[in-house]
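J.: Handing over structure.cif, mmCIF, C-alpha atoms.
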data_coords
#
loop_
_atom_site.label_atom_id
_atom_site.label_comp_id
_atom_site.auth_asym_id
_atom_site.auth_seq_id
_atom_site.Cartn_x
_atom_site.Cartn_y
_atom_site.Cartn_z
CA MET Y 210 -13.82 2.06 -33.37
CA ALA Y 211 -12.23 -0.01 -36.16
CA ASP Y 212 -8.81 0.70 -37.63
CA SER Y 213 -9.47 3.66 -39.82
CA HIS Y 214 -7.88 7.06 -39.61
CA SER Y 215 -10.69 8.76 -41.51
CA LEU Y 216 -13.29 7.16 -39.23
CA GLU Y 217 -11.51 8.44 -36.12
CA ALA Y 218 -11.23 11.87 -37.73
CA LEU Y 219 -14.95 11.84 -38.53
CA ILE Y 220 -15.90 10.90 -34.96
CA GLN Y 221 -13.67 13.66 -33.57
CA ALA Y 222 -15.14 16.19 -36.03
CA LEU Y 223 -18.73 15.21 -35.16
CA ARG Y 224 -17.92 15.95 -31.51
CA ARG Y 225 -17.53 19.63 -32.46
CA LEU Y 226 -21.34 19.70 -32.80
CA PRO Y 227 -23.04 21.01 -29.64
CA GLY Y 228 -24.55 18.28 -27.47
CA VAL Y 229 -22.69 15.45 -29.22
CA GLY Y 230 -20.46 13.24 -27.05
CA VAL Y 231 -18.30 10.34 -28.11
CA LYS Y 232 -21.12 7.76 -28.07
CA SER Y 233 -23.44 9.93 -30.17
CA ALA Y 234 -20.58 10.73 -32.56
CA GLN Y 235 -19.88 7.02 -33.02
CA ARG Y 236 -23.56 6.33 -33.64
CA MET Y 237 -23.78 9.17 -36.16
CA ALA Y 238 -20.63 8.06 -38.01
CA PHE Y 239 -21.84 4.46 -38.08
CA HIS Y 240 -25.26 5.49 -39.38
CA LEU Y 241 -23.88 7.70 -42.15
CA LEU Y 242 -21.27 5.19 -43.33
CA GLN Y 243 -23.46 2.11 -43.09
CA HIS Y 244 -26.84 3.46 -44.16
CA ASP Y 245 -26.55 6.96 -45.65
CA ARG Y 246 -23.32 7.80 -47.51
CA GLU Y 247 -25.30 10.11 -49.75
CA GLY Y 248 -26.38 11.96 -46.58
CA ALA Y 249 -22.72 12.21 -45.50
CA ARG Y 250 -21.71 13.76 -48.84
CA LEU Y 251 -24.74 16.08 -48.78
CA LEU Y 252 -23.87 17.26 -45.27
CA ALA Y 253 -20.23 17.75 -46.25
CA ARG Y 254 -21.24 19.99 -49.15
CA ALA Y 255 -23.82 21.89 -47.07
CA LEU Y 256 -21.27 22.57 -44.31
CA ALA Y 257 -18.56 23.80 -46.68
CA ASP Y 258 -21.08 25.88 -48.61
CA ALA Y 259 -22.53 27.51 -45.49
CA ALA Y 260 -19.10 28.14 -43.92
CA ASP Y 261 -17.95 29.83 -47.13
CA HIS Y 262 -20.99 31.89 -48.06
CA ILE Y 263 -22.93 32.84 -44.95
CA LYS Y 264 -22.06 36.20 -43.39
CA HIS Y 265 -23.96 38.70 -41.27
CA CYS Y 266 -26.46 41.25 -42.54
CA GLU Y 267 -24.88 44.69 -42.17
CA ARG Y 268 -28.08 46.17 -40.78
CA CYS Y 269 -29.64 43.51 -38.53
CA HIS Y 270 -26.71 41.14 -38.00
CA THR Y 271 -28.63 37.96 -38.91
CA PHE Y 272 -27.20 35.22 -41.14
CA THR Y 273 -27.47 35.97 -44.84
CA GLU Y 274 -25.56 35.36 -48.06
CA ASN Y 275 -26.00 39.00 -49.07
CA THR Y 276 -24.75 42.33 -47.70
CA ILE Y 277 -28.25 43.23 -46.47
CA CYS Y 278 -30.82 40.50 -45.72
CA SER Y 279 -34.21 40.33 -47.41
CA THR Y 280 -36.08 41.31 -44.23
CA CYS Y 281 -34.10 44.55 -43.93
CA LEU Y 282 -34.64 45.27 -47.63
CA ASP Y 283 -38.41 44.66 -47.53
CA PRO Y 284 -40.11 48.07 -48.14
CA ARG Y 285 -43.46 46.81 -46.77
CA ARG Y 286 -42.01 46.52 -43.28
CA ASP Y 287 -42.56 49.18 -40.63
CA ALA Y 288 -39.14 50.83 -40.26
CA THR Y 289 -40.21 52.70 -37.11
CA LYS Y 290 -40.22 49.49 -35.06
CA LEU Y 291 -37.10 47.47 -34.21
CA CYS Y 292 -37.38 44.12 -32.47
CA VAL Y 293 -34.26 42.82 -30.67
CA VAL Y 294 -33.88 39.01 -30.51
CA GLU Y 295 -31.08 36.69 -29.44
CA THR Y 296 -30.87 34.33 -32.41
CA PRO Y 297 -32.18 33.79 -35.96
CA ALA Y 298 -34.30 30.95 -34.52
CA ASP Y 299 -36.04 33.42 -32.19
CA GLN Y 300 -36.59 35.80 -35.12
CA SER Y 301 -38.06 32.91 -37.07
CA ALA Y 302 -40.45 32.10 -34.20
CA LEU Y 303 -41.68 35.71 -34.14
CA GLU Y 304 -42.08 35.74 -37.93
CA ARG Y 305 -44.22 32.61 -37.81
CA THR Y 306 -46.74 34.42 -35.60
CA ALA Y 307 -47.34 36.94 -38.44
CA ALA Y 308 -48.13 39.42 -35.62
CA TYR Y 309 -45.13 41.68 -36.20
CA LYS Y 310 -44.23 43.56 -39.36
CA GLY Y 311 -41.36 45.79 -38.17
CA MET Y 312 -37.60 45.39 -38.46
CA TYR Y 313 -35.24 43.19 -36.43
CA PHE Y 314 -31.86 43.29 -34.81
CA VAL Y 315 -30.36 39.87 -34.07
CA LEU Y 316 -27.83 39.90 -31.23
CA MET Y 317 -26.42 36.47 -32.15
CA GLY Y 318 -26.04 35.83 -28.44
CA LYS Y 319 -26.81 37.30 -25.06
CA LEU Y 320 -24.89 38.98 -22.26
CA SER Y 321 -23.37 36.23 -20.17
CA PRO Y 322 -20.66 37.48 -17.78
CA LEU Y 323 -20.04 33.94 -16.47
CA ASP Y 324 -19.08 32.84 -20.00
CA GLY Y 325 -17.10 36.04 -20.58
CA ILE Y 326 -19.63 37.40 -23.10
CA GLY Y 327 -19.89 41.17 -22.67
CA PRO Y 328 -21.51 44.04 -24.60
CA LYS Y 329 -18.80 44.02 -27.29
CA ASP Y 330 -19.30 40.32 -28.11
CA ILE Y 331 -22.96 40.76 -28.97
CA GLY Y 332 -22.43 43.99 -30.93
CA LEU Y 333 -24.37 46.37 -28.69
CA GLN Y 334 -22.64 49.43 -30.23
CA LYS Y 335 -23.94 48.29 -33.62
CA LEU Y 336 -27.43 47.93 -32.16
CA PHE Y 337 -27.29 51.42 -30.60
CA ALA Y 338 -26.19 52.91 -33.94
CA ARG Y 339 -28.98 51.01 -35.72
CA ALA Y 340 -31.65 52.09 -33.20
CA THR Y 341 -30.70 55.77 -33.34
CA ASP Y 342 -30.87 56.08 -37.14
CA GLY Y 343 -33.65 58.67 -36.77
CA VAL Y 344 -36.33 56.40 -38.27
CA VAL Y 345 -36.74 53.85 -35.46
CA GLN Y 346 -39.17 55.09 -32.80
CA GLU Y 347 -39.88 51.97 -30.75
CA VAL Y 348 -37.48 49.19 -29.76
CA ILE Y 349 -39.18 45.94 -28.71
CA LEU Y 350 -36.97 43.75 -26.52
CA ALA Y 351 -37.67 40.11 -27.36
CA THR Y 352 -34.71 38.41 -25.73
CA ASN Y 353 -35.52 35.19 -23.91
CA PHE Y 354 -37.14 35.18 -20.49
CA THR Y 355 -34.13 33.51 -18.90
CA ALA Y 356 -31.85 35.19 -16.36
CA GLU Y 357 -29.34 36.09 -19.09
CA GLY Y 358 -32.01 37.19 -21.56
CA GLU Y 359 -33.61 39.42 -18.93
CA ALA Y 360 -30.23 40.94 -18.00
CA THR Y 361 -29.51 41.58 -21.70
CA ALA Y 362 -32.90 43.25 -22.13
CA HIS Y 363 -32.28 45.38 -19.04
CA VAL Y 364 -28.88 46.63 -20.22
CA ILE Y 365 -30.14 47.41 -23.74
CA GLY Y 366 -33.33 49.00 -22.41
CA GLU Y 367 -31.51 51.38 -20.06
CA ALA Y 368 -29.03 52.42 -22.76
CA LEU Y 369 -31.73 53.08 -25.37
CA LYS Y 370 -34.06 54.94 -22.98
CA SER Y 371 -31.18 57.29 -22.17
CA ARG Y 372 -30.99 57.95 -25.93
CA GLY Y 373 -34.64 59.04 -25.93
CA LEU Y 374 -36.17 55.96 -27.60
CA GLN Y 375 -39.41 54.22 -26.61
CA VAL Y 376 -38.46 50.78 -25.29
CA THR Y 377 -40.96 47.94 -24.72
CA ARG Y 378 -40.61 44.31 -23.64
CA LEU Y 379 -42.64 41.28 -24.76
CA ALA Y 380 -45.41 40.67 -22.21
CA ARG Y 381 -44.83 38.03 -19.58
CA GLY Y 382 -47.90 36.03 -18.66
CA VAL Y 383 -49.79 32.76 -18.77
CA PRO Y 384 -49.17 30.82 -22.02
CA ALA Y 385 -52.16 30.45 -24.34
CA GLY Y 386 -54.10 27.22 -23.79
CA SER Y 387 -52.70 26.53 -20.33
CA GLU Y 388 -54.55 25.77 -17.09
CA LEU Y 389 -53.61 27.94 -14.10
CA GLU Y 390 -53.27 24.87 -11.89
CA TYR Y 391 -50.27 23.70 -13.92
CA VAL Y 392 -48.57 27.05 -14.56
CA ASP Y 393 -45.49 27.78 -12.42
CA LEU Y 394 -45.89 30.34 -9.65
CA GLY Y 395 -43.37 32.85 -11.03
CA THR Y 396 -45.34 33.06 -14.28
CA ILE Y 397 -48.65 33.57 -12.44
CA ALA Y 398 -47.06 36.25 -10.25
CA HIS Y 399 -45.81 38.09 -13.37
CA ALA Y 400 -49.20 37.73 -15.04
CA LEU Y 401 -50.82 39.30 -11.95
CA VAL Y 402 -48.38 42.24 -11.90
CA ASP Y 403 -48.74 42.85 -15.65
CA ARG Y 404 -52.55 42.38 -15.70
CA ARG Y 405 -54.50 44.73 -17.90
CA MET G 1388 -34.26 30.70 -39.82
CA ALA G 1389 -32.91 33.81 -41.62
CA ASP G 1390 -33.06 34.30 -45.37
CA SER G 1391 -30.30 32.07 -46.56
CA HIS G 1392 -30.55 29.15 -48.92
CA SER G 1393 -27.28 27.61 -47.72
CA LEU G 1394 -28.41 27.88 -44.09
CA GLU G 1395 -31.68 26.08 -44.87
CA ALA G 1396 -29.74 23.43 -46.80
CA LEU G 1397 -27.37 22.98 -43.85
CA ILE G 1398 -30.24 22.56 -41.38
CA GLN G 1399 -31.91 20.00 -43.65
CA ALA G 1400 -28.62 18.11 -44.09
CA LEU G 1401 -27.95 18.04 -40.33
CA ARG G 1402 -31.34 16.38 -39.87
CA ARG G 1403 -29.98 13.32 -41.72
CA LEU G 1404 -27.95 12.61 -38.55
CA PRO G 1405 -29.68 10.07 -36.27
CA GLY G 1406 -31.42 11.66 -33.28
CA VAL G 1407 -31.28 15.19 -34.69
CA GLY G 1408 -34.60 17.01 -35.12
CA VAL G 1409 -35.24 20.47 -36.50
CA LYS G 1410 -34.49 22.30 -33.23
CA SER G 1411 -31.20 20.47 -32.70
CA ALA G 1412 -30.25 21.03 -36.33
CA GLN G 1413 -30.89 24.77 -35.96
CA ARG G 1414 -28.82 24.88 -32.79
CA MET G 1415 -25.97 22.98 -34.46
CA ALA G 1416 -26.00 25.21 -37.54
CA PHE G 1417 -26.10 28.34 -35.38
CA HIS G 1418 -23.22 27.12 -33.23
CA LEU G 1419 -21.00 26.19 -36.17
CA LEU G 1420 -21.64 29.40 -38.11
CA GLN G 1421 -21.45 31.76 -35.15
CA HIS G 1422 -18.74 30.17 -33.04
CA ASP G 1423 -16.90 27.44 -34.96
CA ARG G 1424 -16.58 27.86 -38.74
CA GLU G 1425 -13.27 26.03 -38.58
CA GLY G 1426 -15.18 23.11 -37.02
CA ALA G 1427 -17.71 23.26 -39.85
CA ARG G 1428 -14.96 23.06 -42.50
CA LEU G 1429 -13.21 20.29 -40.56
CA LEU G 1430 -16.42 18.28 -40.33
CA ALA G 1431 -17.10 18.84 -44.03
CA ARG G 1432 -13.69 17.44 -44.97
CA ALA G 1433 -13.97 14.54 -42.50
CA LEU G 1434 -17.39 13.56 -43.89
CA ALA G 1435 -16.30 13.67 -47.54
CA ASP G 1436 -13.08 11.84 -46.71
CA ALA G 1437 -14.84 9.08 -44.76
CA ALA G 1438 -17.60 8.67 -47.34
CA ASP G 1439 -14.99 8.31 -50.11
CA HIS G 1440 -12.40 6.11 -48.43
CA ILE G 1441 -14.05 3.87 -45.86
CA LYS G 1442 -15.10 0.44 -47.02
CA HIS G 1443 -15.61 -2.93 -45.35
CA CYS G 1444 -12.86 -5.38 -44.43
CA GLU G 1445 -13.19 -8.38 -46.73
CA ARG G 1446 -12.65 -10.81 -43.86
CA CYS G 1447 -14.46 -9.34 -40.84
CA HIS G 1448 -16.71 -6.76 -42.49
CA THR G 1449 -15.70 -3.88 -40.16
CA PHE G 1450 -14.96 -0.35 -41.39
CA THR G 1451 -11.46 0.06 -42.82
CA GLU G 1452 -9.65 2.00 -45.51
CA ASN G 1453 -7.84 -1.15 -46.63
CA THR G 1454 -8.91 -4.42 -48.21
CA ILE G 1455 -8.23 -6.32 -44.97
CA CYS G 1456 -8.29 -4.52 -41.60
CA SER G 1457 -5.31 -4.46 -39.23
CA THR G 1458 -7.04 -6.74 -36.70
CA CYS G 1459 -7.55 -9.46 -39.31
CA LEU G 1460 -3.92 -9.07 -40.47
CA ASP G 1461 -2.43 -9.24 -36.95
CA PRO G 1462 -0.45 -12.55 -36.76
CA ARG G 1463 -0.39 -12.47 -32.92
CA ARG G 1464 -4.14 -13.01 -32.74
CA ASP G 1465 -5.66 -16.43 -32.10
CA ALA G 1466 -7.19 -17.41 -35.44
CA THR G 1467 -9.07 -20.35 -33.90
CA LYS G 1468 -11.51 -18.01 -32.13
CA LEU G 1469 -14.05 -15.82 -33.91
CA CYS G 1470 -16.12 -13.30 -31.97
CA VAL G 1471 -19.35 -12.05 -33.61
CA VAL G 1472 -20.42 -8.51 -32.71
CA GLU G 1473 -23.10 -6.16 -34.04
CA THR G 1474 -21.07 -2.97 -34.61
CA PRO G 1475 -17.51 -1.62 -34.64
CA ALA G 1476 -18.35 0.17 -31.36
CA ASP G 1477 -19.12 -3.20 -29.73
CA GLN G 1478 -15.84 -4.58 -31.08
CA SER G 1479 -14.06 -1.56 -29.66
CA ALA G 1480 -15.64 -2.18 -26.21
CA LEU G 1481 -14.42 -5.78 -26.25
CA GLU G 1482 -10.93 -4.69 -27.34
CA ARG G 1483 -10.70 -2.24 -24.45
CA THR G 1484 -11.14 -5.11 -21.98
CA ALA G 1485 -7.89 -6.68 -23.31
CA ALA G 1486 -9.49 -10.00 -22.31
CA TYR G 1487 -9.87 -11.35 -25.86
CA LYS G 1488 -7.14 -11.92 -28.44
CA GLY G 1489 -9.02 -13.78 -31.15
CA MET G 1490 -10.54 -12.63 -34.44
CA TYR G 1491 -13.81 -10.77 -35.05
CA PHE G 1492 -16.73 -10.72 -37.43
CA VAL G 1493 -18.73 -7.50 -37.39
CA LEU G 1494 -22.35 -7.94 -38.54
CA MET G 1495 -22.88 -4.18 -39.05
CA GLY G 1496 -26.41 -4.66 -37.78
CA LYS G 1497 -28.72 -7.24 -36.27
CA LEU G 1498 -31.66 -9.32 -37.40
CA SER G 1499 -34.74 -7.13 -37.07
CA PRO G 1500 -37.76 -8.50 -38.92
CA LEU G 1501 -39.90 -5.51 -37.88
CA ASP G 1502 -37.48 -3.18 -39.70
CA GLY G 1503 -37.23 -5.60 -42.63
CA ILE G 1504 -33.62 -6.56 -41.80
CA GLY G 1505 -33.13 -10.24 -42.58
CA PRO G 1506 -30.15 -12.64 -42.80
CA LYS G 1507 -29.04 -11.24 -46.18
CA ASP G 1508 -28.83 -7.65 -44.92
CA ILE G 1509 -26.32 -8.49 -42.19
CA GLY G 1510 -24.19 -10.77 -44.37
CA LEU G 1511 -24.81 -14.06 -42.59
CA GLN G 1512 -23.62 -16.07 -45.61
CA LYS G 1513 -20.32 -14.22 -45.41
CA LEU G 1514 -20.09 -15.02 -41.70
CA PHE G 1515 -20.82 -18.73 -42.32
CA ALA G 1516 -18.10 -18.83 -45.00
CA ARG G 1517 -15.67 -17.06 -42.66
CA ALA G 1518 -16.45 -19.36 -39.71
CA THR G 1519 -16.01 -22.55 -41.75
CA ASP G 1520 -12.55 -21.69 -43.11
CA GLY G 1521 -11.11 -24.74 -41.34
CA VAL G 1522 -9.07 -22.67 -38.86
CA VAL G 1523 -11.85 -21.28 -36.66
CA GLN G 1524 -12.82 -23.74 -33.91
CA GLU G 1525 -14.91 -21.62 -31.56
CA VAL G 1526 -17.41 -18.88 -32.42
CA ILE G 1527 -18.22 -16.52 -29.55
CA LEU G 1528 -21.55 -14.76 -29.97
CA ALA G 1529 -21.25 -11.25 -28.52
CA THR G 1530 -24.34 -9.61 -29.99
CA ASN G 1531 -26.20 -7.33 -27.60
CA PHE G 1532 -28.45 -8.71 -24.87
CA THR G 1533 -31.52 -7.09 -26.39
CA ALA G 1534 -34.43 -8.99 -27.92
CA GLU G 1535 -33.00 -8.48 -31.41
CA GLY G 1536 -29.44 -9.24 -30.39
CA GLU G 1537 -30.54 -12.47 -28.67
CA ALA G 1538 -32.55 -13.51 -31.73
CA THR G 1539 -29.55 -12.80 -33.97
CA ALA G 1540 -27.31 -14.88 -31.69
CA HIS G 1541 -29.84 -17.72 -31.71
CA VAL G 1542 -30.10 -17.83 -35.52
CA ILE G 1543 -26.32 -17.69 -35.99
CA GLY G 1544 -25.70 -20.22 -33.21
CA GLU G 1545 -28.09 -22.81 -34.64
CA ALA G 1546 -26.64 -22.45 -38.14
CA LEU G 1547 -23.02 -22.77 -36.99
CA LYS G 1548 -23.68 -25.70 -34.62
CA SER G 1549 -25.20 -27.59 -37.56
CA ARG G 1550 -21.86 -26.99 -39.34
CA GLY G 1551 -19.99 -28.68 -36.50
CA LEU G 1552 -18.49 -25.59 -34.82
CA GLN G 1553 -18.26 -24.94 -31.10
CA VAL G 1554 -20.54 -21.97 -30.36
CA THR G 1555 -20.48 -19.99 -27.11
CA ARG G 1556 -22.28 -16.89 -25.89
CA LEU G 1557 -21.03 -14.10 -23.60
CA ALA G 1558 -22.10 -14.92 -20.02
CA ARG G 1559 -25.20 -13.19 -18.70
CA GLY G 1560 -25.05 -12.25 -15.06
CA VAL G 1561 -24.74 -9.59 -12.41
CA PRO G 1562 -22.60 -6.61 -13.57
CA ALA G 1563 -19.30 -6.11 -11.73
CA GLY G 1564 -19.59 -3.68 -8.82
CA SER G 1565 -23.37 -3.89 -8.52
CA GLU G 1566 -25.50 -4.61 -5.45
CA LEU G 1567 -28.07 -7.40 -5.84
CA GLU G 1568 -30.78 -5.22 -4.32
CA TYR G 1569 -30.61 -2.89 -7.31
CA VAL G 1570 -30.11 -5.44 -10.09
CA ASP G 1571 -33.20 -6.17 -12.20
CA LEU G 1572 -34.91 -9.52 -11.64
CA GLY G 1573 -34.32 -10.88 -15.15
CA THR G 1574 -30.57 -10.42 -14.69
CA ILE G 1575 -30.59 -12.17 -11.30
CA ALA G 1576 -32.66 -15.03 -12.72
CA HIS G 1577 -30.13 -15.48 -15.56
CA ALA G 1578 -27.23 -15.30 -13.09
CA LEU G 1579 -28.88 -18.08 -11.04
CA VAL G 1580 -29.41 -20.31 -14.07
CA ASP G 1581 -25.86 -19.73 -15.35
CA ARG G 1582 -24.23 -20.06 -11.90
CA ARG G 1583 -20.92 -21.91 -11.78
#
Give the structure from this file in structure tokens form.

T.:
Amino acid sequence: MADSHSLEALIQALRRLPGVGVKSAQRMAFHLLQHDREGARLLARALADAADHIKHCERCHTFTENTICSTCLDPRRDATKLCVVETPADQSALERTAAYKGMYFVLMGKLSPLDGIGPKDIGLQKLFARATDGVVQEVILATNFTAEGEATAHVIGEALKSRGLQVTRLARGVPAGSELEYVDLGTIAHALVDRR
Amino acid sequence: MADSHSLEALIQALRRLPGVGVKSAQRMAFHLLQHDREGARLLARALADAADHIKHCERCHTFTENTICSTCLDPRRDATKLCVVETPADQSALERTAAYKGMYFVLMGKLSPLDGIGPKDIGLQKLFARATDGVVQEVILATNFTAEGEATAHVIGEALKSRGLQVTRLARGVPAGSELEYVDLGTIAHALVDRR
């Protein structure tokens, strides 16, 4: 598209974003250059800034600019509970419910043998060390309810139970506000098994 | 997502990209920070570089780092033909056909009264000046075959015909390789009218 080396470089760089192919990258480059150069400069600064300053919390592994994140440092939180999630976005979803006031461990991924992601890649040793600090009593597995999330929960659960910890899993069931008629059968079957 | 100012700033900045909502922006930020920091730095440099160096060709209005783009400077091109397209991506599609060796004028948009985009915003005066340079004999309208692209072609065509230029439009018809049974009726109707 046009005879510009920096434009080609921009399109190629935009394709590093997940879910962005060559057509989307062209559209994004065109939009930024034609209608929003200030946005392009803002994004450039934000990217460089984040790449330089964001590291992982030493306790829970989430993204933070500090050694320990503010959640881990919060004294009002219940340090006897540790909730294991896949990503910061999942943690954020749980936080928005305001129904949980314990600590977190963010895996920053999930076990995925097909993609070559094993226990080392998602820092399970770090999680086991964190969970057996003597304060944590209950570990709540809040990985996603996908095949890989379930497998990850299973592996972590077995390992932590063998270390004498109480391990729970988020309840599976019918989503709030839904009509049974439109809920998939697997979900209804789980809701029946886990009825209370 | 997580307690980081630079992460929040990155997510907000990514949302300036067209077609990127908050969930996509979170996924992009997570991917870059967790799996591709080099990509993040590369994209940052590419954005700043493009925003600083890319301007518009003074003759055809396309993106270029120079005063006049290489297409406009190419002496092997037929300067009697001027093809009007909406975007550099459209120009690039035409170039890939290798079926056209004339000059271009890139509108960098289309007439769109509903979005408040009028003749001034897409540089029609500049196009009229370019087309009436005394060398151009035929103007080929290659705006898109959408409602707005057709309207843009109509406005430009009428104005240039009144200036004594030959104005043509890309042929509408049945796409190469398609079966009539599956072609939409409007396209078949146009192909019938424009039969030759």

J.: What are the residues of chain G that have an atom within 7 Å of an atom of chain Y, counting only C-alpha atoms, as a short mmCIF file (atom, residue, chain, number, x, y, z; two decimals) with C-alpha atoms, keeping the file's coordinate frame?

T.:
data_model
loop_
_atom_site.label_atom_id
_atom_site.label_comp_id
_atom_site.auth_asym_id
_atom_site.auth_seq_id
_atom_site.Cartn_x
_atom_site.Cartn_y
_atom_site.Cartn_z
CA MET G 1388 -34.26 30.70 -39.82
CA ALA G 1389 -32.91 33.81 -41.62
CA ASP G 1390 -33.06 34.30 -45.37
CA SER G 1391 -30.30 32.07 -46.56
CA SER G 1393 -27.28 27.61 -47.72
CA LEU G 1394 -28.41 27.88 -44.09
CA ALA G 1396 -29.74 23.43 -46.80
CA LEU G 1397 -27.37 22.98 -43.85
CA ALA G 1400 -28.62 18.11 -44.09
CA LEU G 1401 -27.95 18.04 -40.33
CA ARG G 1403 -29.98 13.32 -41.72
CA LEU G 1404 -27.95 12.61 -38.55
CA PRO G 1405 -29.68 10.07 -36.27
CA MET G 1415 -25.97 22.98 -34.46
CA LEU G 1420 -21.64 29.40 -38.11
CA ARG G 1424 -16.58 27.86 -38.74
CA GLY G 1426 -15.18 23.11 -37.02
CA ALA G 1427 -17.71 23.26 -39.85
CA ARG G 1428 -14.96 23.06 -42.50
CA LEU G 1429 -13.21 20.29 -40.56
CA LEU G 1430 -16.42 18.28 -40.33
CA ALA G 1431 -17.10 18.84 -44.03
CA ARG G 1432 -13.69 17.44 -44.97
CA ALA G 1433 -13.97 14.54 -42.50
CA LEU G 1434 -17.39 13.56 -43.89
CA ALA G 1435 -16.30 13.67 -47.54
CA ASP G 1436 -13.08 11.84 -46.71
CA ALA G 1437 -14.84 9.08 -44.76
CA ALA G 1438 -17.60 8.67 -47.34
CA THR G 1449 -15.70 -3.88 -40.16
CA PHE G 1450 -14.96 -0.35 -41.39
CA THR G 1451 -11.46 0.06 -42.82
CA GLU G 1452 -9.65 2.00 -45.51
CA CYS G 1456 -8.29 -4.52 -41.60
CA SER G 1457 -5.31 -4.46 -39.23
CA PRO G 1475 -17.51 -1.62 -34.64
CA ALA G 1476 -18.35 0.17 -31.36
CA SER G 1479 -14.06 -1.56 -29.66
#

J.: Starting from the shown file, work through the PyMOL selection byres ((chain G and resi 1551-1558) around 8) and note down what comes out as a PDB file with C-alpha atoms, in the frame of the given file.

T.:
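Resulting contents of part.pdb:
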ATOM      1  CA  THR G1519     -16.010 -22.550 -41.750  1.00  0.00           C
ATOM      2  CA  GLN G1524     -12.820 -23.740 -33.910  1.00  0.00           C
ATOM      3  CA  GLU G1525     -14.910 -21.620 -31.560  1.00  0.00           C
ATOM      4  CA  VAL G1526     -17.410 -18.880 -32.420  1.00  0.00           C
ATOM      5  CA  ILE G1527     -18.220 -16.520 -29.550  1.00  0.00           C
ATOM      6  CA  LEU G1528     -21.550 -14.760 -29.970  1.00  0.00           C
ATOM      7  CA  ALA G1529     -21.250 -11.250 -28.520  1.00  0.00           C
ATOM      8  CA  ALA G1540     -27.310 -14.880 -31.690  1.00  0.00           C
ATOM      9  CA  GLY G1544     -25.700 -20.220 -33.210  1.00  0.00           C
ATOM     10  CA  LEU G1547     -23.020 -22.770 -36.990  1.00  0.00           C
ATOM     11  CA  LYS G1548     -23.680 -25.700 -34.620  1.00  0.00           C
ATOM     12  CA  SER G1549     -25.200 -27.590 -37.560  1.00  0.00           C
ATOM     13  CA  ARG G1550     -21.860 -26.990 -39.340  1.00  0.00           C
ATOM     14  CA  ARG G1559     -25.200 -13.190 -18.700  1.00  0.00           C
ATOM     15  CA  GLY G1560     -25.050 -12.250 -15.060  1.00  0.00           C
ATOM     16  CA  ASP G1581     -25.860 -19.730 -15.350  1.00  0.00           C
TER      17      ASP G1581
END

J.: As an exercise, work out the distance from CA of Arg404 in chain Y to CA of Ala360 in chain Y in Å and give it to one decimal place.

T.: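 So the answer is 22.5 Å.
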
J.: Give me the residues near range 329-333 of chain Y as a count of residues only, where near means some atom within 9 Å (using all atoms listed in the file) and where sequence neighbours in that chain fewer than 6 positions away do not count.

T.: 7

J.: At a cut-off of 9 Å, using all atoms listed in the file, what residues contact Gly311 in chain Y? Leave out same-chain residues fewer than 4 positions from it and give the result as a VMD selection string.

T.: chain Y and resid 285 to 292

J.: Axis-aligned box over every listed atom of range 1463-1476 of chain G, padded by 8 Å per side: centre and edges in Å to one decimal, as JSON?

T.:
{"center_x": -11.7, "center_y": -10.1, "center_z": -33.4, "size_x": 38.7, "size_y": 36.5, "size_z": 20.1}

J.: Interatomic distance between CA of Tyr391 in chain Y and CA of Val1409 in chain G?

T.: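 That distance, rounded to one decimal, is 27.3 Å.
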
J.: By how many Å are CA of Arg1583 in chain G and CA of Phe1492 in chain G apart?

T.: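 Spanning CA of Arg1583 in chain G to CA of Phe1492 in chain G is a straight-line distance of 28.3 Å.
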